[in-house]
Amino acid sequence: MTNPVPIIELRGITKSFGPVDVLKGINFKVYAGQVTALVGDNGAGKSTLIKGLAGVQPYDGGTVHFAGEQIEINSPTQASSHGIEVVYQDLALCENLDIVQNMFLGKEVMKGGTLNEPEMELQATKALKSLSVKTVKAVRQKVSSLSGGQRQTVAIARSVLRESKVVILDEPTAALGVAQTEQVLNLVRNLANQGVAVIMISHNISDVFEVADQISVLYLGGLVANLTTKDSTYDEVISYITGTKTQEGVK
Amino acid sequence: MSEKVTSLASGNEGNLRDHAFGYLARVKGGDMGSMPAILGVIILAGVFEFLSPFFITKLNFANLFVQSAELTMLSSALVFVILIAEIDLSAGVTGGVALAVFIDLIKAEKWPWIPALIAGFVAGILIGVVIGFLVAKIGVPSFVVSLAFFLGFQGMQLVLLGDGGVYRIEVPAVIAIMNSNLPLWGGWLLLLVCITCSLSFSIWDRGRRARTGLDNKPLSIVVIRLGILSMLGTAAVYYMNLNRSMGQVPIKGVPIVTPITIVILAIGTFVLDRTRFGRHLYAVGGNPEAARRAGIKVVGIRISAFIICSFLAVVSGVFHASRIGSVDGTAGHTIVLSGVAAAVVGGVSLFGGRGRLAHAAIGALVISMIDNGLGLLQMPAGISYLVQGGVLLMAATIDALSRRRNGSVSRT
């Protein structure tokens, strides 16, 4: 293990909707500088787990620890004050604004009561360059003119600007073509190399194997496996996801 | 797709030629802005000048300017709500109600005119607060809310003024707005101030970019823009400073409404382009969900947009009263649809998030020219409405098509 203290640790997390227990006592660790993939079939509880971390939908029970300290996350504001940023699948970009404007939306740099455009442009350019982004040509393009991969790039780069400590990516490659997927995965890798803890939800196991350091598998509301990517195999992960295998042994 | 480029550009590099091609590419891509409306102004001027010898005359030129002022103001008011993809059909009658309050306080309560006018503006602001609250907080569609207010306020005007009540405005300062002119030097001073402001903003922006170490657009673009502004401005001031009277008493000078309109448009443009509020307004119009997630107080932004709209609608109402010289129970009933038309014709997108105040002003000029030109040709009013309707339909179609070209429609 590179870092003994996980930046995020969930202990005994539970969440239920009425009579349905969606999360049944999850223990989950995320380390800085690593990509942790969160996999599982539909309905396994991935989204619920993430929404709790994002503060959108607080957990019912269990504790959240940030760098060893117990914290409360009951609202998106609290989450972002701890440097937890979520890049949702729909990306939430304003198409009528340009890249710089989108990256600084809600966190504009001001000078003398007016927008400090040159400073924002400079910082946005730096953030994109720090991720070795090669797909975006000009930072003053409107988002409406960007492709899916470029939009994903902008959304991820935004979390760099905000100096996030934990970035949660919800299916970042879901709607992308082969080349664009490759670019986004490189971006995810670069993000982790900057010391950010990345949690990536994905259905695409080959993407997970390409970029993740750790793989956590959810199955029907329980965390059934924590695997190190290099010691694991494709088939092993699939069998955890489908429930034919548990960490104690084959069913 | 050629997506491999090693460094990041800002879009400011390149020479004048590159920028010209860049602009053409944007127009082709569907981002036309007010270009069709500007072409419209030129074509209309040509057609009407050909058909009516009176169209381009000193008197009509100033007349057109004054006539379009109240429409410009109303359509600018509407820009603020159209930008967040809402509508305020009651903007016209809001002005009417504010005027009714104003005249009522003067006539019945014997208030001095300044507090009465302030009371009118306060009434307008309150109307904006209520509409904004119902739309943004409760979630009633703005179309329905403002339609209800449109109907209700027509009644309120009658209640305040009494059936068939027509009140002359005996406040010289209000009458002067549309009917008096600046002294000759005032027009030139106005032009000088405009050019100086425009120049200083350019210099300031360029200096700031240069200090940050970023590229600037070629200087020639600034020079060309400033050149066009000075040329048009000089021609307009010169023309309006000539005696345009057909009687004994000379009429000359730039109408007083001009500096008022310019100042309001300039402040509005400044707010939209350079403040956090303006940026958030565009964001809410482009993608409210994204704005909410970015931590923007969407409800507050929406309510503010309606307040600004109502406030400027009252300004438009005051212009109207000044031109007519009286207030009656029908003030502002018909203008609102022309205001929407002007904004859309000028290039403001009804889908929200795209448009500027200058677009509204140019659109208002197009609509006013149609009205004025067809009037001079002694066409019946019906024809004018038909043509305006056609132009609006055309503009809205262009807007929808350009959105489709942009690829924005497919994303729901």
# chains A, B, ... in the order shown; residues from 1 in each chain; ligands from 1
call {"tool": "residues_around", "arguments": {"residues": "segment 288-305 of chain B", "least_positions_apart": "2", "cutoff": "9 Å", "atoms": "only C-alpha atoms", "output": "MDAnalysis selection string"}}
result
(chainID A and resid 76:77 91:94 104:107) or (chainID B and resid 77 80:81 83:84 86 128:137 277 280:281 283:286 307:310)
call {"tool": "write_last_selection", "arguments": {"atoms": "N, CA, C and O atoms", "output": "short mmCIF file (atom, residue, chain, number, x, y, z; two decimals), in the first residue's frame"}}
result
data_model
loop_
_atom_site.label_atom_id
_atom_site.label_comp_id
_atom_site.auth_asym_id
_atom_site.auth_seq_id
_atom_site.Cartn_x
_atom_site.Cartn_y
_atom_site.Cartn_z
N PRO A 76 -24.35 18.70 -0.21
CA PRO A 76 -23.30 18.84 -1.23
C PRO A 76 -22.24 19.87 -0.82
O PRO A 76 -21.07 19.72 -1.13
N THR A 77 -22.68 20.91 -0.10
CA THR A 77 -21.72 21.93 0.33
C THR A 77 -20.70 21.35 1.28
O THR A 77 -19.50 21.63 1.18
N LEU A 91 -22.69 15.23 -16.82
CA LEU A 91 -21.64 16.24 -16.83
C LEU A 91 -22.03 17.61 -16.30
O LEU A 91 -21.21 18.31 -15.74
N ALA A 92 -23.30 18.00 -16.51
CA ALA A 92 -23.75 19.29 -15.99
C ALA A 92 -22.87 20.44 -16.47
O ALA A 92 -22.27 21.17 -15.67
N LEU A 93 -22.76 20.59 -17.77
CA LEU A 93 -22.06 21.75 -18.32
C LEU A 93 -23.10 22.67 -18.97
O LEU A 93 -24.14 22.21 -19.42
N CYS A 94 -22.80 23.94 -19.01
CA CYS A 94 -23.68 24.89 -19.70
C CYS A 94 -23.18 25.03 -21.12
O CYS A 94 -22.09 25.55 -21.36
N PHE A 104 -15.06 27.57 -14.27
CA PHE A 104 -15.09 28.44 -13.09
C PHE A 104 -16.50 28.76 -12.61
O PHE A 104 -16.68 29.61 -11.75
N LEU A 105 -17.49 28.08 -13.18
CA LEU A 105 -18.87 28.40 -12.83
C LEU A 105 -19.10 28.22 -11.32
O LEU A 105 -18.78 27.18 -10.76
N GLY A 106 -19.63 29.25 -10.71
CA GLY A 106 -19.90 29.20 -9.27
C GLY A 106 -18.68 29.52 -8.42
O GLY A 106 -18.78 29.73 -7.23
N LYS A 107 -17.50 29.56 -9.04
CA LYS A 107 -16.26 29.85 -8.30
C LYS A 107 -15.45 30.88 -9.08
O LYS A 107 -14.23 30.76 -9.21
N ALA B 77 -35.80 44.82 -21.44
CA ALA B 77 -36.34 44.28 -20.20
C ALA B 77 -36.59 42.78 -20.37
O ALA B 77 -36.21 41.97 -19.53
N PHE B 80 -33.77 39.96 -20.16
CA PHE B 80 -33.35 39.37 -18.89
C PHE B 80 -34.14 38.10 -18.56
O PHE B 80 -33.59 37.16 -18.01
N VAL B 81 -35.45 38.10 -18.88
CA VAL B 81 -36.21 36.87 -18.58
C VAL B 81 -36.07 35.84 -19.70
O VAL B 81 -36.06 34.64 -19.44
N LEU B 83 -33.43 35.29 -21.35
CA LEU B 83 -32.13 34.64 -21.15
C LEU B 83 -32.23 33.45 -20.22
O LEU B 83 -31.45 32.49 -20.33
N ILE B 84 -33.17 33.47 -19.27
CA ILE B 84 -33.32 32.30 -18.41
C ILE B 84 -34.47 31.42 -18.91
O ILE B 84 -35.03 30.62 -18.17
N GLU B 86 -37.47 32.09 -19.78
CA GLU B 86 -38.80 32.38 -19.28
C GLU B 86 -39.39 33.48 -20.14
O GLU B 86 -38.75 33.95 -21.08
N GLY B 128 -42.45 42.60 -10.14
CA GLY B 128 -41.38 41.67 -10.52
C GLY B 128 -41.13 40.64 -9.44
O GLY B 128 -40.95 39.45 -9.72
N VAL B 129 -41.13 41.09 -8.18
CA VAL B 129 -40.90 40.17 -7.06
C VAL B 129 -41.98 39.10 -7.04
O VAL B 129 -41.69 37.90 -6.90
N VAL B 130 -43.24 39.54 -7.19
CA VAL B 130 -44.35 38.57 -7.11
C VAL B 130 -44.28 37.56 -8.26
O VAL B 130 -44.37 36.35 -8.05
N ILE B 131 -44.09 38.06 -9.48
CA ILE B 131 -44.00 37.14 -10.62
C ILE B 131 -42.84 36.18 -10.43
O ILE B 131 -42.97 34.96 -10.58
N GLY B 132 -41.67 36.75 -10.05
CA GLY B 132 -40.48 35.92 -9.87
C GLY B 132 -40.71 34.86 -8.80
O GLY B 132 -40.32 33.70 -8.97
N PHE B 133 -41.36 35.26 -7.71
CA PHE B 133 -41.62 34.31 -6.62
C PHE B 133 -42.50 33.17 -7.12
O PHE B 133 -42.22 32.00 -6.88
N LEU B 134 -43.58 33.53 -7.82
CA LEU B 134 -44.51 32.49 -8.30
C LEU B 134 -43.82 31.54 -9.28
O LEU B 134 -44.05 30.34 -9.25
N VAL B 135 -42.96 32.10 -10.13
CA VAL B 135 -42.31 31.27 -11.14
C VAL B 135 -41.19 30.44 -10.52
O VAL B 135 -41.15 29.22 -10.67
N ALA B 136 -40.28 31.12 -9.81
CA ALA B 136 -39.05 30.45 -9.37
C ALA B 136 -39.26 29.62 -8.11
O ALA B 136 -38.68 28.55 -7.97
N LYS B 137 -40.07 30.12 -7.21
CA LYS B 137 -40.20 29.43 -5.91
C LYS B 137 -41.34 28.41 -5.96
O LYS B 137 -41.20 27.28 -5.51
N PHE B 277 -23.17 38.04 -11.35
CA PHE B 277 -24.61 37.88 -11.55
C PHE B 277 -24.93 37.59 -13.02
O PHE B 277 -25.70 36.69 -13.34
N HIS B 280 -23.97 34.12 -14.04
CA HIS B 280 -24.88 33.12 -13.48
C HIS B 280 -26.22 33.14 -14.19
O HIS B 280 -26.87 32.11 -14.35
N LEU B 281 -26.63 34.33 -14.64
CA LEU B 281 -27.89 34.43 -15.40
C LEU B 281 -27.79 33.60 -16.68
O LEU B 281 -28.69 32.83 -17.01
N ALA B 283 -25.77 31.13 -17.17
CA ALA B 283 -25.64 29.72 -16.79
C ALA B 283 -27.01 29.11 -16.49
O ALA B 283 -27.32 28.01 -16.94
N VAL B 284 -27.83 29.86 -15.77
CA VAL B 284 -29.17 29.35 -15.44
C VAL B 284 -29.98 29.16 -16.72
O VAL B 284 -30.73 28.19 -16.86
N GLY B 285 -29.79 30.07 -17.68
CA GLY B 285 -30.49 29.93 -18.94
C GLY B 285 -29.98 28.75 -19.76
O GLY B 285 -30.74 28.10 -20.47
N GLY B 286 -28.69 28.47 -19.66
CA GLY B 286 -28.12 27.40 -20.47
C GLY B 286 -28.41 26.03 -19.90
O GLY B 286 -28.76 25.11 -20.64
N ILE B 307 -37.38 40.84 -11.61
CA ILE B 307 -37.40 42.18 -11.03
C ILE B 307 -36.80 43.18 -12.02
O ILE B 307 -37.37 44.25 -12.26
N ILE B 308 -35.65 42.82 -12.60
CA ILE B 308 -35.02 43.73 -13.56
C ILE B 308 -35.96 43.97 -14.73
O ILE B 308 -36.12 45.10 -15.21
N CYS B 309 -36.59 42.89 -15.20
CA CYS B 309 -37.52 43.01 -16.32
C CYS B 309 -38.63 44.01 -16.00
O CYS B 309 -38.91 44.92 -16.78
N SER B 310 -39.25 43.86 -14.85
CA SER B 310 -40.35 44.75 -14.50
C SER B 310 -39.87 46.18 -14.35
O SER B 310 -40.54 47.12 -14.76
#
call {"tool": "residues_around", "arguments": {"residues": "segment 41-52 of chain A", "least_positions_apart": "5", "cutoff": "10 Å", "atoms": "only C-alpha atoms", "output": "PDB file with N, CA, C and O atoms, in the first residue's frame"}}
result
ATOM      1  N   LEU A  10     -15.151   4.485   4.695  1.00  0.00           N
ATOM      2  CA  LEU A  10     -16.535   4.301   5.114  1.00  0.00           C
ATOM      3  C   LEU A  10     -16.589   3.082   6.018  1.00  0.00           C
ATOM      4  O   LEU A  10     -16.021   2.044   5.697  1.00  0.00           O
ATOM      5  N   ILE A  13     -21.540   1.408   6.597  1.00  0.00           N
ATOM      6  CA  ILE A  13     -22.555   2.279   6.009  1.00  0.00           C
ATOM      7  C   ILE A  13     -23.832   1.495   5.687  1.00  0.00           C
ATOM      8  O   ILE A  13     -23.784   0.453   5.033  1.00  0.00           O
ATOM      9  N   THR A  14     -24.968   2.031   6.155  1.00  0.00           N
ATOM     10  CA  THR A  14     -26.255   1.417   5.799  1.00  0.00           C
ATOM     11  C   THR A  14     -27.165   2.478   5.215  1.00  0.00           C
ATOM     12  O   THR A  14     -27.066   3.669   5.529  1.00  0.00           O
ATOM     13  N   LYS A  15     -28.041   2.045   4.340  1.00  0.00           N
ATOM     14  CA  LYS A  15     -29.040   2.950   3.761  1.00  0.00           C
ATOM     15  C   LYS A  15     -30.208   2.092   3.311  1.00  0.00           C
ATOM     16  O   LYS A  15     -30.018   1.050   2.663  1.00  0.00           O
ATOM     17  N   SER A  16     -31.410   2.508   3.697  1.00  0.00           N
ATOM     18  CA  SER A  16     -32.553   1.764   3.192  1.00  0.00           C
ATOM     19  C   SER A  16     -33.630   2.723   2.697  1.00  0.00           C
ATOM     20  O   SER A  16     -33.764   3.842   3.196  1.00  0.00           O
ATOM     21  N   ASP A  21     -33.309  -2.674   1.959  1.00  0.00           N
ATOM     22  CA  ASP A  21     -31.964  -2.313   2.391  1.00  0.00           C
ATOM     23  C   ASP A  21     -31.065  -2.238   1.167  1.00  0.00           C
ATOM     24  O   ASP A  21     -30.764  -3.257   0.550  1.00  0.00           O
ATOM     25  N   VAL A  22     -30.656  -1.004   0.839  1.00  0.00           N
ATOM     26  CA  VAL A  22     -29.853  -0.832  -0.371  1.00  0.00           C
ATOM     27  C   VAL A  22     -28.376  -1.011  -0.051  1.00  0.00           C
ATOM     28  O   VAL A  22     -27.628  -1.605  -0.824  1.00  0.00           O
ATOM     29  N   LEU A  23     -27.953  -0.503   1.097  1.00  0.00           N
ATOM     30  CA  LEU A  23     -26.567  -0.692   1.525  1.00  0.00           C
ATOM     31  C   LEU A  23     -26.587  -1.398   2.872  1.00  0.00           C
ATOM     32  O   LEU A  23     -27.223  -0.938   3.813  1.00  0.00           O
ATOM     33  N   LYS A  24     -25.887  -2.533   2.942  1.00  0.00           N
ATOM     34  CA  LYS A  24     -25.966  -3.338   4.162  1.00  0.00           C
ATOM     35  C   LYS A  24     -24.616  -3.381   4.875  1.00  0.00           C
ATOM     36  O   LYS A  24     -23.936  -4.401   4.875  1.00  0.00           O
ATOM     37  N   ILE A  26     -21.522  -1.228   4.581  1.00  0.00           N
ATOM     38  CA  ILE A  26     -20.392  -1.193   3.648  1.00  0.00           C
ATOM     39  C   ILE A  26     -19.134  -0.680   4.350  1.00  0.00           C
ATOM     40  O   ILE A  26     -19.169   0.335   5.041  1.00  0.00           O
ATOM     41  N   PHE A  28     -15.475   0.645   3.099  1.00  0.00           N
ATOM     42  CA  PHE A  28     -14.903   0.997   1.799  1.00  0.00           C
ATOM     43  C   PHE A  28     -13.767   1.985   2.045  1.00  0.00           C
ATOM     44  O   PHE A  28     -13.914   2.930   2.820  1.00  0.00           O
ATOM     45  N   GLN A  57     -27.639  12.489  -0.731  1.00  0.00           N
ATOM     46  CA  GLN A  57     -28.583  11.580  -0.096  1.00  0.00           C
ATOM     47  C   GLN A  57     -27.865  10.937   1.099  1.00  0.00           C
ATOM     48  O   GLN A  57     -27.183   9.938   0.941  1.00  0.00           O
ATOM     49  N   PRO A  58     -27.965  11.565   2.280  1.00  0.00           N
ATOM     50  CA  PRO A  58     -27.155  11.097   3.419  1.00  0.00           C
ATOM     51  C   PRO A  58     -27.432   9.636   3.775  1.00  0.00           C
ATOM     52  O   PRO A  58     -28.532   9.123   3.565  1.00  0.00           O
ATOM     53  N   TYR A  59     -26.403   8.990   4.340  1.00  0.00           N
ATOM     54  CA  TYR A  59     -26.534   7.590   4.773  1.00  0.00           C
ATOM     55  C   TYR A  59     -27.413   7.506   6.013  1.00  0.00           C
ATOM     56  O   TYR A  59     -27.551   8.458   6.767  1.00  0.00           O
ATOM     57  N   ASP A  60     -27.976   6.308   6.250  1.00  0.00           N
ATOM     58  CA  ASP A  60     -28.761   6.092   7.473  1.00  0.00           C
ATOM     59  C   ASP A  60     -27.855   5.785   8.665  1.00  0.00           C
ATOM     60  O   ASP A  60     -28.051   6.276   9.766  1.00  0.00           O
ATOM     61  N   VAL A  64     -18.285   8.115   8.296  1.00  0.00           N
ATOM     62  CA  VAL A  64     -17.386   8.493   7.210  1.00  0.00           C
ATOM     63  C   VAL A  64     -16.141   9.109   7.828  1.00  0.00           C
ATOM     64  O   VAL A  64     -16.239   9.971   8.703  1.00  0.00           O
ATOM     65  N   ILE A  73     -21.283  14.216   6.403  1.00  0.00           N
ATOM     66  CA  ILE A  73     -21.612  14.755   5.077  1.00  0.00           C
ATOM     67  C   ILE A  73     -23.121  14.694   4.897  1.00  0.00           C
ATOM     68  O   ILE A  73     -23.685  13.629   4.679  1.00  0.00           O
ATOM     69  N   ASN A  74     -23.758  15.817   5.076  1.00  0.00           N
ATOM     70  CA  ASN A  74     -25.216  15.846   4.934  1.00  0.00           C
ATOM     71  C   ASN A  74     -25.698  16.726   3.797  1.00  0.00           C
ATOM     72  O   ASN A  74     -26.894  16.811   3.535  1.00  0.00           O
ATOM     73  N   SER A  75     -24.772  17.419   3.139  1.00  0.00           N
ATOM     74  CA  SER A  75     -25.181  18.287   2.031  1.00  0.00           C
ATOM     75  C   SER A  75     -24.034  18.368   1.031  1.00  0.00           C
ATOM     76  O   SER A  75     -22.879  18.124   1.379  1.00  0.00           O
ATOM     77  N   PRO A  76     -24.350  18.705  -0.214  1.00  0.00           N
ATOM     78  CA  PRO A  76     -23.297  18.840  -1.229  1.00  0.00           C
ATOM     79  C   PRO A  76     -22.243  19.873  -0.817  1.00  0.00           C
ATOM     80  O   PRO A  76     -21.066  19.716  -1.130  1.00  0.00           O
ATOM     81  N   ALA A  79     -19.801  18.238   1.428  1.00  0.00           N
ATOM     82  CA  ALA A  79     -18.927  17.353   0.657  1.00  0.00           C
ATOM     83  C   ALA A  79     -17.847  18.157  -0.027  1.00  0.00           C
ATOM     84  O   ALA A  79     -16.662  17.805   0.028  1.00  0.00           O
ATOM     85  N   VAL A  86     -17.962  15.447  -7.475  1.00  0.00           N
ATOM     86  CA  VAL A  86     -18.555  14.382  -8.284  1.00  0.00           C
ATOM     87  C   VAL A  86     -18.706  14.851  -9.725  1.00  0.00           C
ATOM     88  O   VAL A  86     -19.194  15.950  -9.974  1.00  0.00           O
ATOM     89  N   ILE A 168     -15.055  11.810  -7.787  1.00  0.00           N
ATOM     90  CA  ILE A 168     -15.876  10.642  -8.077  1.00  0.00           C
ATOM     91  C   ILE A 168     -16.374  10.755  -9.511  1.00  0.00           C
ATOM     92  O   ILE A 168     -17.003  11.743  -9.875  1.00  0.00           O
ATOM     93  N   LEU A 169     -16.053   9.767 -10.327  1.00  0.00           N
ATOM     94  CA  LEU A 169     -16.466   9.804 -11.732  1.00  0.00           C
ATOM     95  C   LEU A 169     -17.550   8.762 -11.948  1.00  0.00           C
ATOM     96  O   LEU A 169     -17.345   7.578 -11.686  1.00  0.00           O
ATOM     97  N   ASP A 170     -18.695   9.215 -12.412  1.00  0.00           N
ATOM     98  CA  ASP A 170     -19.807   8.295 -12.636  1.00  0.00           C
ATOM     99  C   ASP A 170     -19.824   7.887 -14.100  1.00  0.00           C
ATOM    100  O   ASP A 170     -20.177   8.695 -14.961  1.00  0.00           O
ATOM    101  N   ILE A 199     -12.412   7.931  -7.513  1.00  0.00           N
ATOM    102  CA  ILE A 199     -13.328   6.785  -7.442  1.00  0.00           C
ATOM    103  C   ILE A 199     -14.042   6.735  -8.785  1.00  0.00           C
ATOM    104  O   ILE A 199     -14.656   7.716  -9.200  1.00  0.00           O
ATOM    105  N   ILE A 201     -16.821   4.848 -11.082  1.00  0.00           N
ATOM    106  CA  ILE A 201     -17.873   3.854 -11.266  1.00  0.00           C
ATOM    107  C   ILE A 201     -17.846   3.440 -12.718  1.00  0.00           C
ATOM    108  O   ILE A 201     -17.796   4.293 -13.609  1.00  0.00           O
ATOM    109  N   SER A 202     -17.856   2.144 -12.976  1.00  0.00           N
ATOM    110  CA  SER A 202     -17.855   1.737 -14.379  1.00  0.00           C
ATOM    111  C   SER A 202     -18.484   0.370 -14.562  1.00  0.00           C
ATOM    112  O   SER A 202     -18.440  -0.479 -13.679  1.00  0.00           O
ATOM    113  N   HIS A 203     -19.094   0.200 -15.701  1.00  0.00           N
ATOM    114  CA  HIS A 203     -19.594  -1.108 -16.090  1.00  0.00           C
ATOM    115  C   HIS A 203     -18.618  -1.819 -17.009  1.00  0.00           C
ATOM    116  O   HIS A 203     -18.779  -2.978 -17.330  1.00  0.00           O
ATOM    117  N   VAL A 217     -15.928  -4.407  -5.346  1.00  0.00           N
ATOM    118  CA  VAL A 217     -17.107  -4.961  -6.010  1.00  0.00           C
ATOM    119  C   VAL A 217     -18.294  -4.933  -5.055  1.00  0.00           C
ATOM    120  O   VAL A 217     -18.205  -5.393  -3.923  1.00  0.00           O
ATOM    121  N   LEU A 218     -19.385  -4.350  -5.521  1.00  0.00           N
ATOM    122  CA  LEU A 218     -20.621  -4.345  -4.757  1.00  0.00           C
ATOM    123  C   LEU A 218     -21.551  -5.409  -5.320  1.00  0.00           C
ATOM    124  O   LEU A 218     -21.667  -5.570  -6.533  1.00  0.00           O
ATOM    125  N   TYR A 219     -22.204  -6.133  -4.397  1.00  0.00           N
ATOM    126  CA  TYR A 219     -23.184  -7.114  -4.855  1.00  0.00           C
ATOM    127  C   TYR A 219     -24.388  -7.050  -3.913  1.00  0.00           C
ATOM    128  O   TYR A 219     -24.241  -7.303  -2.704  1.00  0.00           O
ATOM    129  N   LEU A 220     -25.518  -6.673  -4.428  1.00  0.00           N
ATOM    130  CA  LEU A 220     -26.762  -6.576  -3.660  1.00  0.00           C
ATOM    131  C   LEU A 220     -26.583  -5.856  -2.320  1.00  0.00           C
ATOM    132  O   LEU A 220     -26.992  -6.344  -1.268  1.00  0.00           O
ATOM    133  N   GLY A 221     -25.948  -4.703  -2.375  1.00  0.00           N
ATOM    134  CA  GLY A 221     -25.853  -3.866  -1.185  1.00  0.00           C
ATOM    135  C   GLY A 221     -24.723  -4.227  -0.240  1.00  0.00           C
ATOM    136  O   GLY A 221     -24.580  -3.620   0.816  1.00  0.00           O
ATOM    137  N   GLY A 222     -23.925  -5.214  -0.588  1.00  0.00           N
ATOM    138  CA  GLY A 222     -22.789  -5.537   0.247  1.00  0.00           C
ATOM    139  C   GLY A 222     -21.504  -5.418  -0.550  1.00  0.00           C
ATOM    140  O   GLY A 222     -21.496  -5.622  -1.771  1.00  0.00           O
ATOM    141  N   LEU A 223     -20.408  -5.045   0.142  1.00  0.00           N
ATOM    142  CA  LEU A 223     -19.126  -4.973  -0.558  1.00  0.00           C
ATOM    143  C   LEU A 223     -18.502  -6.356  -0.477  1.00  0.00           C
ATOM    144  O   LEU A 223     -18.098  -6.800   0.588  1.00  0.00           O
ATOM    145  N   ILE A 238     -15.632 -10.518 -12.738  1.00  0.00           N
ATOM    146  CA  ILE A 238     -16.964 -10.811 -13.282  1.00  0.00           C
ATOM    147  C   ILE A 238     -17.733 -11.744 -12.347  1.00  0.00           C
ATOM    148  O   ILE A 238     -18.907 -11.539 -12.077  1.00  0.00           O
ATOM    149  N   TYR A 240     -17.390 -12.053  -9.135  1.00  0.00           N
ATOM    150  CA  TYR A 240     -17.838 -11.309  -7.958  1.00  0.00           C
ATOM    151  C   TYR A 240     -19.079 -10.477  -8.294  1.00  0.00           C
ATOM    152  O   TYR A 240     -20.025 -10.384  -7.514  1.00  0.00           O
ATOM    153  N   ILE A 241     -19.043  -9.832  -9.464  1.00  0.00           N
ATOM    154  CA  ILE A 241     -20.151  -8.959  -9.847  1.00  0.00           C
ATOM    155  C   ILE A 241     -21.441  -9.751  -9.978  1.00  0.00           C
ATOM    156  O   ILE A 241     -22.499  -9.333  -9.529  1.00  0.00           O
ATOM    157  N   THR A 242     -21.335 -10.938 -10.591  1.00  0.00           N
ATOM    158  CA  THR A 242     -22.552 -11.725 -10.827  1.00  0.00           C
ATOM    159  C   THR A 242     -22.931 -12.545  -9.601  1.00  0.00           C
ATOM    160  O   THR A 242     -23.992 -13.171  -9.577  1.00  0.00           O
ATOM    161  N   GLY A 243     -22.083 -12.562  -8.572  1.00  0.00           N
ATOM    162  CA  GLY A 243     -22.442 -13.228  -7.332  1.00  0.00           C
ATOM    163  C   GLY A 243     -22.129 -14.708  -7.316  1.00  0.00           C
ATOM    164  O   GLY A 243     -22.510 -15.413  -6.385  1.00  0.00           O
TER     165      GLY A 243
END
call {"tool": "closest_residue", "arguments": {"among": "A:Ile205, A:Val211, A:Val166, A:Val143", "to": "chain B", "atoms": "only C-alpha atoms"}}
result
A:Val143
call {"tool": "interface_residues", "arguments": {"of": "chain A", "to": "chain B", "cutoff": "6 Å", "atoms": "only C-alpha atoms", "output": "JSON, numbers by chain"}}
result
{"A": [92, 93, 94, 96, 106, 114, 115, 118, 134, 135, 137, 138, 139, 140]}
call {"tool": "write_last_selection", "arguments": {"atoms": "C-alpha atoms", "output": "PDB file, in the first residue's frame"}}
result
ATOM      1  CA  ALA A  92     -23.748  19.292 -15.994  1.00  0.00           C
ATOM      2  CA  LEU A  93     -22.063  21.753 -18.323  1.00  0.00           C
ATOM      3  CA  CYS A  94     -23.676  24.893 -19.698  1.00  0.00           C
ATOM      4  CA  ASN A  96     -23.989  28.283 -24.034  1.00  0.00           C
ATOM      5  CA  GLY A 106     -19.895  29.197  -9.273  1.00  0.00           C
ATOM      6  CA  THR A 114     -15.920  42.301 -12.047  1.00  0.00           C
ATOM      7  CA  LEU A 115     -14.986  38.960 -13.542  1.00  0.00           C
ATOM      8  CA  PRO A 118      -7.618  36.698 -18.057  1.00  0.00           C
ATOM      9  CA  LYS A 134      -4.443  17.208 -26.059  1.00  0.00           C
ATOM     10  CA  THR A 135      -7.987  17.019 -27.313  1.00  0.00           C
ATOM     11  CA  LYS A 137      -7.978  23.068 -29.069  1.00  0.00           C
ATOM     12  CA  ALA A 138      -9.036  26.419 -27.648  1.00  0.00           C
ATOM     13  CA  VAL A 139     -10.195  27.259 -24.155  1.00  0.00           C
ATOM     14  CA  ARG A 140     -12.650  29.876 -25.376  1.00  0.00           C
TER      15      ARG A 140
END
call {"tool": "residues_around", "arguments": {"residues": "Val387 of chain B", "least_positions_apart": "2", "cutoff": "12 Å", "atoms": "only C-alpha atoms", "output": "number ranges by chain"}}
result
B: 44, 338, 341, 366-371, 373-374, 379-385, 389-394
call {"tool": "residues_around", "arguments": {"residues": "Ala331 of chain B", "least_positions_apart": "5", "cutoff": "10 Å", "atoms": "only C-alpha atoms", "output": "MDAnalysis selection string"}}
result
chainID B and resid 92:97 99:100 154 157 317 320:321 324 326
call {"tool": "select_by_dssp", "arguments": {"residues": "segment 100-130 of chain A", "states": "strand (DSSP E or B)", "output": "PyMOL selection string"}}
result
chain A and resi 110-111+114-115
call {"tool": "atom_distance", "arguments": {"atom1": "atom CA of Val345 of chain B", "atom2": "atom CA of Ala266 of chain B"}}
result
20.4 Å
call {"tool": "residues_around", "arguments": {"residues": "segment 224-230 of chain B", "least_positions_apart": "3", "cutoff": "10 Å", "atoms": "only C-alpha atoms", "output": "number ranges by chain"}}
result
B: 191-192, 194-196, 198-199, 202, 219-221, 233-236
call {"tool": "select_by_dssp", "arguments": {"residues": "segment 92-196 of chain A", "states": "helix (DSSP H, G or I)", "output": "JSON, numbers by chain"}}
result
{"A": [99, 100, 101, 102, 103, 117, 118, 119, 120, 121, 122, 123, 124, 125, 126, 127, 128, 129, 130, 143, 144, 145, 148, 149, 150, 151, 152, 153, 154, 155, 156, 157, 158, 159, 160, 161, 178, 179, 180, 181, 182, 183, 184, 185, 186, 187, 188, 189, 190, 191, 192, 193]}
call {"tool": "atom_distance", "arguments": {"atom1": "atom CA of Phe209 of chain A", "atom2": "atom CA of Leu187 of chain A"}}
result
15.1 Å
